[in-house]
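Pasted below: work.tsv, TSV, C-alpha atoms.
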```
chain	number	residue	atom	x	y	z
A	1	MET	CA	-94.30	21.77	35.80
A	2	ASN	CA	-97.46	23.61	34.65
A	3	PHE	CA	-97.25	24.84	31.08
A	4	THR	CA	-99.35	26.85	28.67
A	5	LEU	CA	-99.55	26.41	24.91
A	6	ILE	CA	-100.16	29.58	22.90
A	7	ILE	CA	-101.11	29.24	19.24
A	8	CYS	CA	-101.36	32.48	17.29
A	9	THR	CA	-103.43	31.91	14.17
A	10	TYR	CA	-104.67	33.82	11.16
A	11	MET	CA	-107.17	32.47	8.60
A	12	ARG	CA	-106.09	28.82	8.97
A	13	PRO	CA	-108.92	26.81	10.58
A	14	LYS	CA	-108.06	23.49	8.88
A	15	PRO	CA	-104.29	23.46	9.69
A	16	LEU	CA	-105.14	24.58	13.24
A	17	LEU	CA	-107.55	21.67	13.66
A	18	ASP	CA	-104.86	19.23	12.47
A	19	LEU	CA	-102.43	20.67	15.02
A	20	LEU	CA	-104.93	20.47	17.87
A	21	ASN	CA	-105.71	16.86	17.03
A	22	SER	CA	-101.99	16.09	17.42
A	23	VAL	CA	-101.97	17.97	20.73
A	24	LYS	CA	-104.85	15.78	21.90
A	25	LYS	CA	-102.63	12.69	21.47
A	26	GLN	CA	-99.72	14.05	23.54
A	27	SER	CA	-98.16	11.94	26.30
A	28	LEU	CA	-98.01	15.17	28.33
A	29	TYR	CA	-100.97	17.49	27.80
A	30	PRO	CA	-100.90	21.30	28.26
A	31	ASP	CA	-102.50	22.69	31.41
A	32	GLU	CA	-103.83	25.53	29.26
A	33	ILE	CA	-104.22	26.11	25.52
A	34	LEU	CA	-104.75	29.68	24.36
A	35	ILE	CA	-105.87	30.24	20.77
A	36	ILE	CA	-105.09	33.84	19.82
A	37	ASP	CA	-107.03	34.45	16.61
A	38	GLY	CA	-106.29	37.40	14.33
A	39	SER	CA	-108.59	36.22	11.53
A	40	THR	CA	-110.86	38.69	9.77
A	41	ASN	CA	-113.71	36.14	9.69
A	42	ASP	CA	-115.24	33.68	12.19
A	43	GLU	CA	-114.28	30.40	10.52
A	44	THR	CA	-111.70	29.53	13.19
A	45	LYS	CA	-114.17	30.27	16.00
A	46	LEU	CA	-116.78	28.12	14.26
A	47	MET	CA	-114.34	25.23	13.85
A	48	LEU	CA	-113.46	25.33	17.54
A	49	SER	CA	-117.14	25.37	18.53
A	50	GLN	CA	-117.57	22.13	16.59
A	51	ASN	CA	-114.47	20.42	18.04
A	52	ILE	CA	-113.93	20.29	21.79
A	53	PHE	CA	-110.40	20.31	23.22
A	54	GLN	CA	-109.60	20.10	26.92
A	55	ASN	CA	-108.23	23.23	28.65
A	56	LEU	CA	-108.69	25.37	25.50
A	57	ILE	CA	-109.54	29.07	25.75
A	58	TYR	CA	-110.30	31.07	22.60
A	59	HIS	CA	-109.46	34.76	22.15
A	60	LYS	CA	-110.42	36.80	19.09
A	61	VAL	CA	-108.09	39.80	19.13
A	62	PRO	CA	-109.23	43.34	18.26
A	63	ASP	CA	-107.92	44.89	15.07
A	64	ASN	CA	-105.18	46.84	16.86
A	65	GLU	CA	-103.77	43.61	18.35
A	66	ARG	CA	-103.58	41.69	15.05
A	67	GLY	CA	-100.13	40.50	13.90
A	68	LEU	CA	-97.83	37.76	15.14
A	69	THR	CA	-95.80	39.64	17.75
A	70	LYS	CA	-98.82	41.53	19.09
A	71	GLN	CA	-100.83	38.31	19.30
A	72	ARG	CA	-98.01	36.56	21.15
A	73	ASN	CA	-97.79	39.37	23.69
A	74	TYR	CA	-101.61	39.37	23.93
A	75	GLY	CA	-101.53	35.67	24.79
A	76	ILE	CA	-98.69	36.06	27.31
A	77	ASN	CA	-100.78	38.62	29.20
A	78	ARG	CA	-103.62	36.10	29.51
A	79	THR	CA	-101.76	33.01	30.71
A	80	SER	CA	-102.64	31.41	34.03
A	81	PRO	CA	-100.70	32.67	37.08
A	82	ASP	CA	-99.80	29.03	37.77
A	83	SER	CA	-98.05	28.55	34.44
A	84	GLU	CA	-94.27	28.07	34.63
A	85	VAL	CA	-93.49	27.53	30.93
A	86	ILE	CA	-95.11	29.04	27.84
A	87	CYS	CA	-94.91	27.05	24.60
A	88	PHE	CA	-95.51	28.57	21.16
A	89	LEU	CA	-96.44	26.63	18.04
A	90	ASP	CA	-97.14	27.73	14.48
A	91	ASP	CA	-100.67	26.84	13.44
A	92	ASP	CA	-99.42	24.72	10.51
A	93	THR	CA	-97.38	22.23	12.55
A	94	ILE	CA	-98.21	18.66	13.64
A	95	LEU	CA	-96.59	17.14	16.73
A	96	GLU	CA	-95.04	13.77	17.42
A	97	GLN	CA	-96.70	12.15	20.43
A	98	ASN	CA	-93.93	12.96	22.94
A	99	TYR	CA	-93.26	16.56	21.89
A	100	PHE	CA	-94.27	18.31	25.14
A	101	GLU	CA	-92.81	15.54	27.29
A	102	GLU	CA	-89.40	16.12	25.70
A	103	ILE	CA	-89.67	19.92	25.93
A	104	ILE	CA	-90.55	19.90	29.64
A	105	LYS	CA	-87.93	17.20	30.36
A	106	THR	CA	-85.27	19.53	28.97
A	107	TYR	CA	-86.05	22.13	31.64
A	108	SER	CA	-85.47	19.44	34.28
A	109	LEU	CA	-82.19	18.32	32.70
A	110	HIS	CA	-81.05	21.94	32.25
A	111	PRO	CA	-82.57	23.98	35.10
A	112	GLU	CA	-80.64	27.04	33.90
A	113	ALA	CA	-82.53	27.02	30.57
A	114	LEU	CA	-84.60	30.10	29.81
A	115	GLY	CA	-85.91	28.64	26.55
A	116	VAL	CA	-86.19	25.28	24.78
A	117	GLY	CA	-86.93	24.68	21.12
A	118	GLY	CA	-88.37	21.71	19.28
A	119	TYR	CA	-87.06	20.02	16.15
A	120	ILE	CA	-88.72	20.06	12.71
A	121	ASN	CA	-88.32	16.59	11.20
A	122	ASN	CA	-89.87	16.85	7.73
A	123	GLU	CA	-87.74	19.43	5.91
A	124	ASP	CA	-84.41	17.64	5.35
A	125	VAL	CA	-83.07	14.16	4.68
A	126	TRP	CA	-80.08	13.41	6.92
A	127	GLU	CA	-77.67	10.46	6.71
A	128	LYS	CA	-75.54	9.24	9.59
A	129	VAL	CA	-71.85	8.97	8.67
A	130	SER	CA	-68.55	8.57	10.51
A	131	GLU	CA	-67.29	11.33	12.79
A	132	ASN	CA	-64.25	11.92	10.55
A	133	TYR	CA	-66.28	12.10	7.33
A	134	GLN	CA	-64.99	14.64	4.80
A	135	PRO	CA	-68.02	16.29	3.17
A	136	LYS	CA	-68.18	17.39	-0.45
A	137	ILE	CA	-68.86	21.04	-1.23
A	138	THR	CA	-72.43	19.99	-2.09
A	139	GLU	CA	-72.94	18.51	1.40
A	140	PHE	CA	-73.41	19.90	4.89
A	141	PHE	CA	-71.83	17.85	7.68
A	142	TYR	CA	-72.37	18.26	11.42
A	143	ASP	CA	-71.97	15.99	14.45
A	144	GLY	CA	-71.77	12.73	12.50
A	145	TYR	CA	-74.58	13.50	10.04
A	146	LYS	CA	-74.67	14.87	6.51
A	147	LYS	CA	-77.35	16.23	4.20
A	148	LYS	CA	-77.49	17.76	0.75
A	149	GLU	CA	-76.37	21.39	0.78
A	150	GLY	CA	-78.68	24.02	-0.63
A	151	SER	CA	-77.45	25.73	-3.80
A	152	ARG	CA	-77.28	29.09	-2.04
A	153	PHE	CA	-74.87	27.78	0.57
A	154	VAL	CA	-72.80	26.00	-2.08
A	155	LEU	CA	-72.34	29.35	-3.83
A	156	ARG	CA	-71.61	31.09	-0.54
A	157	LYS	CA	-68.90	28.51	0.17
A	158	LYS	CA	-67.29	29.15	-3.20
A	159	LEU	CA	-67.30	32.90	-2.55
A	160	GLY	CA	-65.97	32.65	1.00
A	161	LEU	CA	-69.28	33.81	2.50
A	162	ASP	CA	-70.28	30.69	4.44
A	163	SER	CA	-71.17	30.88	8.13
A	164	ASP	CA	-68.19	30.46	10.46
A	165	VAL	CA	-70.13	29.49	13.62
A	166	LYS	CA	-72.23	26.51	14.77
A	167	PRO	CA	-75.89	26.16	13.70
A	168	GLY	CA	-78.15	28.23	15.93
A	169	PHE	CA	-75.56	30.98	16.43
A	170	LEU	CA	-75.24	34.28	14.56
A	171	PRO	CA	-71.92	35.21	12.90
A	172	GLU	CA	-70.72	38.80	13.16
A	173	PHE	CA	-71.81	39.34	9.54
A	174	SER	CA	-75.17	37.65	10.26
A	175	ASN	CA	-76.68	35.20	7.73
A	176	GLY	CA	-75.71	32.13	9.75
A	177	ARG	CA	-77.17	28.64	9.74
A	178	SER	CA	-80.43	28.22	11.62
A	179	ILE	CA	-81.29	25.42	14.04
A	180	GLY	CA	-82.62	23.61	10.97
A	181	PHE	CA	-78.99	22.68	10.33
A	182	LEU	CA	-78.82	20.63	13.53
A	183	PRO	CA	-79.06	16.89	12.80
A	184	PRO	CA	-81.65	14.43	14.23
A	185	SER	CA	-79.07	13.03	16.65
A	186	GLY	CA	-81.34	12.80	19.68
A	187	LYS	CA	-79.07	15.25	21.50
A	188	ILE	CA	-79.85	18.52	23.23
A	189	TYR	CA	-77.83	21.40	21.72
A	190	GLU	CA	-77.12	24.80	23.22
A	191	VAL	CA	-78.01	27.63	20.82
A	192	GLU	CA	-78.65	31.37	20.87
A	193	GLN	CA	-81.57	31.36	18.44
A	194	LEU	CA	-84.87	29.48	18.43
A	195	MET	CA	-87.60	29.33	15.81
A	196	GLY	CA	-90.63	31.01	17.33
A	197	GLY	CA	-93.14	28.54	15.90
A	198	VAL	CA	-91.51	25.62	17.73
A	199	SER	CA	-90.32	27.33	20.91
A	200	SER	CA	-90.93	27.52	24.64
A	201	PHE	CA	-89.77	29.84	27.41
A	202	ARG	CA	-89.90	30.08	31.18
A	203	LYS	CA	-92.75	32.41	31.96
A	204	LYS	CA	-90.54	34.54	34.19
A	205	VAL	CA	-88.58	35.86	31.18
A	206	PHE	CA	-91.68	37.78	30.08
A	207	GLU	CA	-91.61	39.84	33.26
A	208	THR	CA	-88.83	41.91	31.70
A	209	MET	CA	-88.88	41.03	27.97
A	210	ARG	CA	-91.48	40.89	25.20
A	211	PHE	CA	-91.55	40.25	21.47
A	212	SER	CA	-90.63	43.45	19.63
A	213	THR	CA	-93.49	45.45	18.15
A	214	TYR	CA	-91.12	46.44	15.33
A	215	PHE	CA	-92.11	43.17	13.64
A	216	GLU	CA	-95.67	43.95	12.59
A	217	GLY	CA	-98.05	41.73	10.64
A	218	TYR	CA	-96.39	38.53	9.48
A	219	GLY	CA	-93.47	39.17	11.82
A	220	LEU	CA	-90.60	37.63	9.87
A	221	TYR	CA	-87.50	37.09	12.10
A	222	GLU	CA	-89.24	38.26	15.27
A	223	ASP	CA	-88.18	34.97	16.86
A	224	ALA	CA	-84.51	35.55	16.01
A	225	ASP	CA	-84.68	39.06	17.51
A	226	PHE	CA	-86.28	37.88	20.75
A	227	THR	CA	-84.08	34.86	21.33
A	228	LEU	CA	-80.84	36.65	20.45
A	229	ARG	CA	-81.70	39.25	23.08
A	230	LEU	CA	-82.68	36.53	25.57
A	231	SER	CA	-79.47	34.54	24.99
A	232	LYS	CA	-77.48	37.49	26.30
A	233	ILE	CA	-78.87	36.82	29.80
A	234	GLY	CA	-79.36	33.04	29.87
A	235	LYS	CA	-79.14	29.66	28.14
A	236	LEU	CA	-81.26	28.37	25.26
A	237	TYR	CA	-81.44	24.79	23.99
A	238	VAL	CA	-82.89	22.69	21.18
A	239	ASN	CA	-84.03	19.15	21.99
A	240	THR	CA	-83.85	17.12	18.77
A	241	ASN	CA	-86.12	14.47	20.34
A	242	ALA	CA	-88.96	17.00	20.62
A	243	GLN	CA	-90.07	16.50	17.05
A	244	LEU	CA	-92.84	17.89	14.87
A	245	GLY	CA	-93.66	18.46	11.22
A	246	HIS	CA	-94.02	21.90	9.68
A	247	PHE	CA	-96.42	21.97	6.73
A	248	HIS	CA	-96.01	25.57	5.49
A	249	ASP	CA	-99.57	26.58	4.68
A	250	ALA	CA	-99.71	29.36	2.08
A	251	SER	CA	-102.82	31.03	3.53
A	252	GLY	CA	-102.21	34.06	5.72
A	253	ARG	CA	-98.82	34.88	4.20
A	254	PRO	CA	-97.88	38.33	2.83
A	255	ASN	CA	-97.43	38.97	-0.90
A	256	LYS	CA	-93.97	38.24	-2.27
A	257	PHE	CA	-92.93	41.89	-2.64
A	258	LEU	CA	-93.57	42.60	1.04
A	259	TYR	CA	-91.98	39.29	2.00
A	260	GLY	CA	-88.82	40.09	0.03
A	261	LYS	CA	-88.63	43.53	1.58
A	262	MET	CA	-89.05	42.07	5.08
A	263	VAL	CA	-86.29	39.50	4.46
A	264	VAL	CA	-83.79	42.32	3.98
A	265	ARG	CA	-85.02	45.00	6.39
A	266	ASN	CA	-85.93	42.63	9.23
A	267	GLY	CA	-82.68	40.76	8.65
A	268	TRP	CA	-80.75	44.02	9.02
A	269	PHE	CA	-82.66	44.79	12.25
A	270	VAL	CA	-81.85	41.39	13.81
A	271	TRP	CA	-78.18	41.68	12.81
A	272	ARG	CA	-77.81	45.12	14.41
A	273	VAL	CA	-79.63	44.11	17.60
A	274	LYS	CA	-76.96	41.44	18.09
A	275	TYR	CA	-74.02	43.44	16.68
A	276	PRO	CA	-74.74	47.19	16.92
A	277	ASN	CA	-71.31	48.19	15.58
A	278	PRO	CA	-70.06	45.57	13.12
A	279	SER	CA	-66.64	45.93	11.53
A	280	PHE	CA	-66.21	47.25	8.00
A	281	LYS	CA	-65.38	43.71	6.82
A	282	ASP	CA	-68.58	42.33	8.35
A	283	ARG	CA	-70.65	45.14	6.79
A	284	ILE	CA	-69.20	44.25	3.39
A	285	LYS	CA	-69.99	40.56	3.94
A	286	TRP	CA	-73.57	41.26	5.05
A	287	ASN	CA	-74.28	43.40	2.00
A	288	ALA	CA	-72.56	40.91	-0.32
A	289	ILE	CA	-74.74	38.07	0.96
A	290	VAL	CA	-77.91	40.15	0.66
A	291	LEU	CA	-77.11	41.02	-2.95
A	292	LEU	CA	-76.07	37.46	-3.77
A	293	LEU	CA	-79.36	36.03	-2.45
A	294	THR	CA	-81.32	38.82	-4.14
A	295	PHE	CA	-79.87	38.05	-7.56
A	296	ILE	CA	-80.22	34.31	-7.04
A	297	ARG	CA	-83.91	35.06	-6.58
A	298	PHE	CA	-83.78	37.06	-9.82
A	299	SER	CA	-82.29	34.04	-11.61
A	300	ASN	CA	-85.28	31.98	-10.47
A	301	ILE	CA	-87.37	33.95	-12.97
A	302	PHE	CA	-85.68	31.88	-15.66
A	303	THR	CA	-85.17	28.60	-13.78
A	304	THR	CA	-88.58	27.96	-12.14
A	305	ASN	CA	-92.22	27.84	-13.17
A	306	LYS	CA	-93.18	30.46	-10.56
A	307	ARG	CA	-91.68	33.34	-12.51
A	308	GLN	CA	-94.00	36.05	-11.24
A	309	GLU	CA	-93.37	35.09	-7.61
A	310	ALA	CA	-89.61	35.14	-8.18
A	311	ALA	CA	-89.73	38.52	-9.95
A	312	THR	CA	-91.92	40.06	-7.25
A	313	GLU	CA	-89.76	38.81	-4.40
A	314	PHE	CA	-86.60	39.97	-6.20
A	315	LEU	CA	-88.06	43.48	-6.48
A	316	GLY	CA	-89.02	43.39	-2.80
A	317	ARG	CA	-85.53	42.32	-1.72
A	318	PHE	CA	-83.82	44.91	-3.91
A	319	SER	CA	-86.22	47.63	-2.75
A	320	GLY	CA	-85.56	46.66	0.87
A	321	TRP	CA	-81.79	46.85	0.36
A	322	ILE	CA	-81.96	50.28	-1.34
A	323	SER	CA	-84.25	51.58	1.44
A	324	LEU	CA	-81.54	50.91	4.05
A	325	PHE	CA	-79.46	53.75	2.61
A	326	PHE	CA	-82.26	56.26	3.29
A	327	ASN	CA	-84.45	54.82	6.05
A	328	LYS	CA	-82.86	52.28	8.39
A	329	PRO	CA	-85.04	50.53	11.01
A	330	LYS	CA	-84.93	52.15	14.43
A	331	LEU	CA	-83.16	49.82	16.84
A	332	LYS	CA	-84.36	51.38	20.09
A	333	ASN	CA	-87.87	49.95	19.68
A	334	LYS	CA	-87.51	46.53	21.34
```
Write the structure described by the file as structure tokens, please.
Amino acid sequence: MNFTLIICTYMRPKPLLDLLNSVKKQSLYPDEILIIDGSTNDETKLMLSQNIFQNLIYHKVPDNERGLTKQRNYGINRTSPDSEVICFLDDDTILEQNYFEEIIKTYSLHPEALGVGGYINNEDVWEKVSENYQPKITEFFYDGYKKKEGSRFVLRKKLGLDSDVKPGFLPEFSNGRSIGFLPPSGKIYEVEQLMGGVSSFRKKVFETMRFSTYFEGYGLYEDADFTLRLSKIGKLYVNTNAQLGHFHDASGRPNKFLYGKMVVRNGWFVWRVKYPNPSFKDRIKWNAIVLLLTFIRFSNIFTTNKRQEAATEFLGRFSGWISLFFNKPKLKNK
């Protein structure tokens, strides 16, 4: 099965080099690697000229094609006609040696799959327990594994605002648990959402679907939007044996005000793409969760050392929530 790897990058030559060195060690190597560079300087191009990688093709995008979703679509348009699967990776990830082997194997095991996601293995500490384990409120338990619950979810549990569906699925009031809440069980799980930076798709899906241009620039939640739409017409899976590390590089990220605003507005967009007409109860829940998370971020001003970041993101989130009463995102642009 021929497959292409597309890496969209922006001002991150060193993390990109680390990723490509892990690609070089793969048990199954991509037939094509497309680097789609939106950087405003030539440091990434220079790095690649000094380090040779097999099957790699470099593209520096014009200004009007810069931004994650535009760069992804730019890369899709330039894949080889022979490619059957397109893999996407964030430029600050590092792969385990069998990552692509496990991804491609999943398409053989599940020929109906339209997309397959990988598994980030460096963000949580899981512990295997018995199947009938009764978790504490401070723990998350799923499929025989438990991990420490984040404080935000603990509070949501206490307020009756926890997700009521499996990880990787979106509740009717949105704000569910991502595929990051799937345990390292070695299993393949069916989902309806994938994380774009660790995803792959059959190339044929791009004949009729593309990443939404609504998500400009940093593109927060563009992956949720795309995969929720795709899951309406076919199956998506996560292979927890296709593992990699995600090393969140701060370079190339938006300022905290814009990030906070995107969290709310882009979150609203994704919710309404999946559920265009939510019930009154689900609208109340969505708004309650947004405000809860917004004011938790406000409390971080007093509980963390990064007070300015917390204050700026709080203002962005609150501004984004207020803006929805006057200027909602337009859903028809997909």
Can you build me a table of range 103-173 of chain A residues sitting at most 10 Å from range 254-271 of chain A, with the closest atom pair per residue and its distance in Å to one decimal, using all atoms listed in the file, sorted by chain and residue number, as JSON lines?
```
{"residue": "A:Leu170", "atom": "CA", "partner": "A:Trp271", "partner_atom": "CA", "distance": 8.2}
{"residue": "A:Pro171", "atom": "CA", "partner": "A:Trp271", "partner_atom": "CA", "distance": 9.0}
{"residue": "A:Glu172", "atom": "CA", "partner": "A:Trp271", "partner_atom": "CA", "distance": 8.0}
{"residue": "A:Phe173", "atom": "CA", "partner": "A:Trp271", "partner_atom": "CA", "distance": 7.5}
```
| Nearest candidate to Arg297 in chain A (options A:Arg202, A:Lys330, A:Arg152, A:His110; using all atoms listed in the file) |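 Nearest to Arg297 in chain A: A:Arg152.
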| Counting only C-alpha atoms, the residue of A:Asn327, A:Asn241, A:Asn277, A:Asn98 that sits nearest Lys187 in chain A |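 Closest to Lys187 in chain A of all the choices is A:Asn241.
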| Selection near range 226-229 of chain A, 6 Å with all atoms listed in the file, sequence-local residues under 4 positions removed, as JSON, numbers by chain | {"A": [192, 193, 211]}
Written selection (C-alpha atoms) as an mmCIF file, keeping the file's coordinate frame:
```cif
data_model
loop_
_atom_site.group_PDB
_atom_site.id
_atom_site.type_symbol
_atom_site.label_atom_id
_atom_site.label_comp_id
_atom_site.auth_asym_id
_atom_site.auth_seq_id
_atom_site.Cartn_x
_atom_site.Cartn_y
_atom_site.Cartn_z
ATOM 1 C CA GLU A 192 -78.650 31.370 20.870
ATOM 2 C CA GLN A 193 -81.570 31.360 18.440
ATOM 3 C CA PHE A 211 -91.550 40.250 21.470
#
```
Select from range 73-99 of chain A every residue with an atom at most 10 Å from any atom of range 26-36 of chain A, then for each give the shortest pair of atoms and their distance in Å to one decimal, using only C-alpha atoms, rows by chain and rising number, as a Markdown table.
```
| residue | atom | partner | partner_atom | distance |
| --- | --- | --- | --- | --- |
| A:Asn73 | CA | A:Ile36 | CA | 9.9 |
| A:Tyr74 | CA | A:Ile36 | CA | 7.7 |
| A:Gly75 | CA | A:Ile36 | CA | 6.4 |
| A:Ile76 | CA | A:Leu34 | CA | 9.3 |
| A:Arg78 | CA | A:Leu34 | CA | 8.3 |
| A:Thr79 | CA | A:Leu34 | CA | 7.8 |
| A:Ser80 | CA | A:Glu32 | CA | 7.7 |
| A:Asp82 | CA | A:Asp31 | CA | 9.4 |
| A:Ser83 | CA | A:Asp31 | CA | 8.0 |
| A:Ile86 | CA | A:Glu32 | CA | 9.5 |
| A:Cys87 | CA | A:Pro30 | CA | 9.1 |
| A:Phe88 | CA | A:Leu34 | CA | 9.8 |
| A:Asp91 | CA | A:Ile35 | CA | 9.6 |
| A:Leu95 | CA | A:Gln26 | CA | 8.1 |
| A:Glu96 | CA | A:Gln26 | CA | 7.7 |
| A:Gln97 | CA | A:Gln26 | CA | 4.7 |
| A:Asn98 | CA | A:Ser27 | CA | 5.5 |
| A:Tyr99 | CA | A:Gln26 | CA | 7.1 |
```
| field | Protein and nucleic acid residues near (-79.5, 27.7, 15.1) (cut-off 7 Å, all atoms listed in the file) as a PyMOL selection string | value | chain A and resi 167-169+177-181+191-194
| How many Å lie between CA of Asp124 in chain A and CA of Ser151 in chain A, rounded to one decimal? |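 We find that CA of Asp124 in chain A and CA of Ser151 in chain A lie 14.1 Å from each other.
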| message | I need the residue nearest Val290 in chain A from this list: A:Ser231, A:Leu161, A:Val238, A:His248. Use only C-alpha atoms for the distance. | response | A:Leu161
| field | Nearest residue to Lys147 in chain A from the set A:Gly196, A:Pro184, A:Gly176, A:Pro329 (distances using all atoms listed in the file) | value |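 Using all atoms listed in the file, Lys147 in chain A sits closest to A:Pro184.
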| said: Under the rule that only C-alpha atoms are counted, which of A:Ile188, A:Ile120, A:Ile104, A:Leu331 is the nearest residue to Pro276 in chain A? | reply: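 Of A:Ile188, A:Ile120, A:Ile104, A:Leu331, the one nearest Pro276 in chain A is A:Leu331, counting only C-alpha atoms.
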| request: For CA of Leu220 in chain A and CA of Glu101 in chain A, quote the distance in Å rounded to one decimal. | output: 28.2 Å
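Straight-line separation from CA of Gly150 in chain A to CA of Ile137 in chain A: 10.3 Å.
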| Test item: residues at most 8 Å from Ser39 in chain A, only C-alpha atoms, excluding those fewer than 4 positions along its chain, as a count of residues only | 5
| From the set A:Phe280, A:Trp286, A:Phe326, A:Tyr237, which residue has the shortest atom-to-atom contact distance to Leu109 in chain A, counting only C-alpha atoms? |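 So, comparing all the options, the nearest one is A:Tyr237.
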| field | Spatial neighbours of Thr240 in chain A, 9 Å, all atoms listed in the file, chain gap at least 5 places, as a list in words | value |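 Contacts, with the query itself left out: Glu102, Gly117, Gly118, Tyr119, Ile120, Asn121, Leu182, Pro183, Pro184, Ser185, Gly186, Lys187, Ile188 and Tyr189 of chain A.
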Missing atoms of range 296-317 of chain A rebuilt to N, CA and C atoms, written as a PDB file, keeping the file's coordinate frame:
```pdb
ATOM      1  N   ILE A 296     -79.833  35.710  -6.860  1.00  0.00           N
ATOM      2  CA  ILE A 296     -80.220  34.310  -7.040  1.00  0.00           C
ATOM      3  C   ILE A 296     -81.727  34.226  -7.217  1.00  0.00           C
ATOM      4  N   ARG A 297     -82.440  35.028  -6.432  1.00  0.00           N
ATOM      5  CA  ARG A 297     -83.910  35.060  -6.580  1.00  0.00           C
ATOM      6  C   ARG A 297     -84.293  35.584  -7.960  1.00  0.00           C
ATOM      7  N   PHE A 298     -83.541  36.552  -8.463  1.00  0.00           N
ATOM      8  CA  PHE A 298     -83.780  37.060  -9.820  1.00  0.00           C
ATOM      9  C   PHE A 298     -83.582  35.946 -10.848  1.00  0.00           C
ATOM     10  N   SER A 299     -82.554  35.120 -10.654  1.00  0.00           N
ATOM     11  CA  SER A 299     -82.290  34.040 -11.610  1.00  0.00           C
ATOM     12  C   SER A 299     -83.414  33.014 -11.645  1.00  0.00           C
ATOM     13  N   ASN A 300     -84.166  32.926 -10.519  1.00  0.00           N
ATOM     14  CA  ASN A 300     -85.280  31.980 -10.470  1.00  0.00           C
ATOM     15  C   ASN A 300     -86.393  32.324 -11.465  1.00  0.00           C
ATOM     16  N   ILE A 301     -86.400  33.560 -11.941  1.00  0.00           N
ATOM     17  CA  ILE A 301     -87.370  33.950 -12.970  1.00  0.00           C
ATOM     18  C   ILE A 301     -87.212  33.068 -14.201  1.00  0.00           C
ATOM     19  N   PHE A 302     -85.980  32.648 -14.451  1.00  0.00           N
ATOM     20  CA  PHE A 302     -85.680  31.880 -15.660  1.00  0.00           C
ATOM     21  C   PHE A 302     -85.519  30.376 -15.394  1.00  0.00           C
ATOM     22  N   THR A 303     -85.453  30.001 -14.100  1.00  0.00           N
ATOM     23  CA  THR A 303     -85.170  28.600 -13.780  1.00  0.00           C
ATOM     24  C   THR A 303     -86.330  27.875 -13.110  1.00  0.00           C
ATOM     25  N   THR A 304     -87.428  28.594 -12.775  1.00  0.00           N
ATOM     26  CA  THR A 304     -88.580  27.960 -12.140  1.00  0.00           C
ATOM     27  C   THR A 304     -89.854  28.301 -12.893  1.00  0.00           C
ATOM     28  N   ASN A 305     -90.914  27.565 -12.560  1.00  0.00           N
ATOM     29  CA  ASN A 305     -92.220  27.840 -13.170  1.00  0.00           C
ATOM     30  C   ASN A 305     -92.917  29.029 -12.521  1.00  0.00           C
ATOM     31  N   LYS A 306     -92.536  29.363 -11.290  1.00  0.00           N
ATOM     32  CA  LYS A 306     -93.180  30.460 -10.560  1.00  0.00           C
ATOM     33  C   LYS A 306     -92.426  31.761 -10.839  1.00  0.00           C
ATOM     34  N   ARG A 307     -92.477  32.182 -12.089  1.00  0.00           N
ATOM     35  CA  ARG A 307     -91.680  33.340 -12.510  1.00  0.00           C
ATOM     36  C   ARG A 307     -92.160  34.639 -11.885  1.00  0.00           C
ATOM     37  N   GLN A 308     -93.481  34.804 -11.796  1.00  0.00           N
ATOM     38  CA  GLN A 308     -94.000  36.050 -11.240  1.00  0.00           C
ATOM     39  C   GLN A 308     -93.645  36.183  -9.756  1.00  0.00           C
ATOM     40  N   GLU A 309     -93.747  35.073  -9.021  1.00  0.00           N
ATOM     41  CA  GLU A 309     -93.370  35.090  -7.610  1.00  0.00           C
ATOM     42  C   GLU A 309     -91.896  35.465  -7.451  1.00  0.00           C
ATOM     43  N   ALA A 310     -91.051  34.861  -8.262  1.00  0.00           N
ATOM     44  CA  ALA A 310     -89.610  35.140  -8.180  1.00  0.00           C
ATOM     45  C   ALA A 310     -89.313  36.596  -8.501  1.00  0.00           C
ATOM     46  N   ALA A 311     -89.956  37.123  -9.553  1.00  0.00           N
ATOM     47  CA  ALA A 311     -89.730  38.520  -9.950  1.00  0.00           C
ATOM     48  C   ALA A 311     -90.196  39.477  -8.859  1.00  0.00           C
ATOM     49  N   THR A 312     -91.361  39.184  -8.279  1.00  0.00           N
ATOM     50  CA  THR A 312     -91.920  40.060  -7.250  1.00  0.00           C
ATOM     51  C   THR A 312     -91.063  40.059  -5.992  1.00  0.00           C
ATOM     52  N   GLU A 313     -90.600  38.871  -5.586  1.00  0.00           N
ATOM     53  CA  GLU A 313     -89.760  38.810  -4.400  1.00  0.00           C
ATOM     54  C   GLU A 313     -88.409  39.475  -4.651  1.00  0.00           C
ATOM     55  N   PHE A 314     -87.843  39.295  -5.852  1.00  0.00           N
ATOM     56  CA  PHE A 314     -86.600  39.970  -6.200  1.00  0.00           C
ATOM     57  C   PHE A 314     -86.740  41.484  -6.049  1.00  0.00           C
ATOM     58  N   LEU A 315     -87.831  42.036  -6.581  1.00  0.00           N
ATOM     59  CA  LEU A 315     -88.060  43.480  -6.480  1.00  0.00           C
ATOM     60  C   LEU A 315     -88.210  43.913  -5.022  1.00  0.00           C
ATOM     61  N   GLY A 316     -88.875  43.074  -4.220  1.00  0.00           N
ATOM     62  CA  GLY A 316     -89.020  43.390  -2.800  1.00  0.00           C
ATOM     63  C   GLY A 316     -87.682  43.396  -2.086  1.00  0.00           C
ATOM     64  N   ARG A 317     -86.856  42.385  -2.358  1.00  0.00           N
ATOM     65  CA  ARG A 317     -85.530  42.320  -1.720  1.00  0.00           C
ATOM     66  C   ARG A 317     -84.667  43.515  -2.136  1.00  0.00           C
TER      67      ARG A 317
END
```
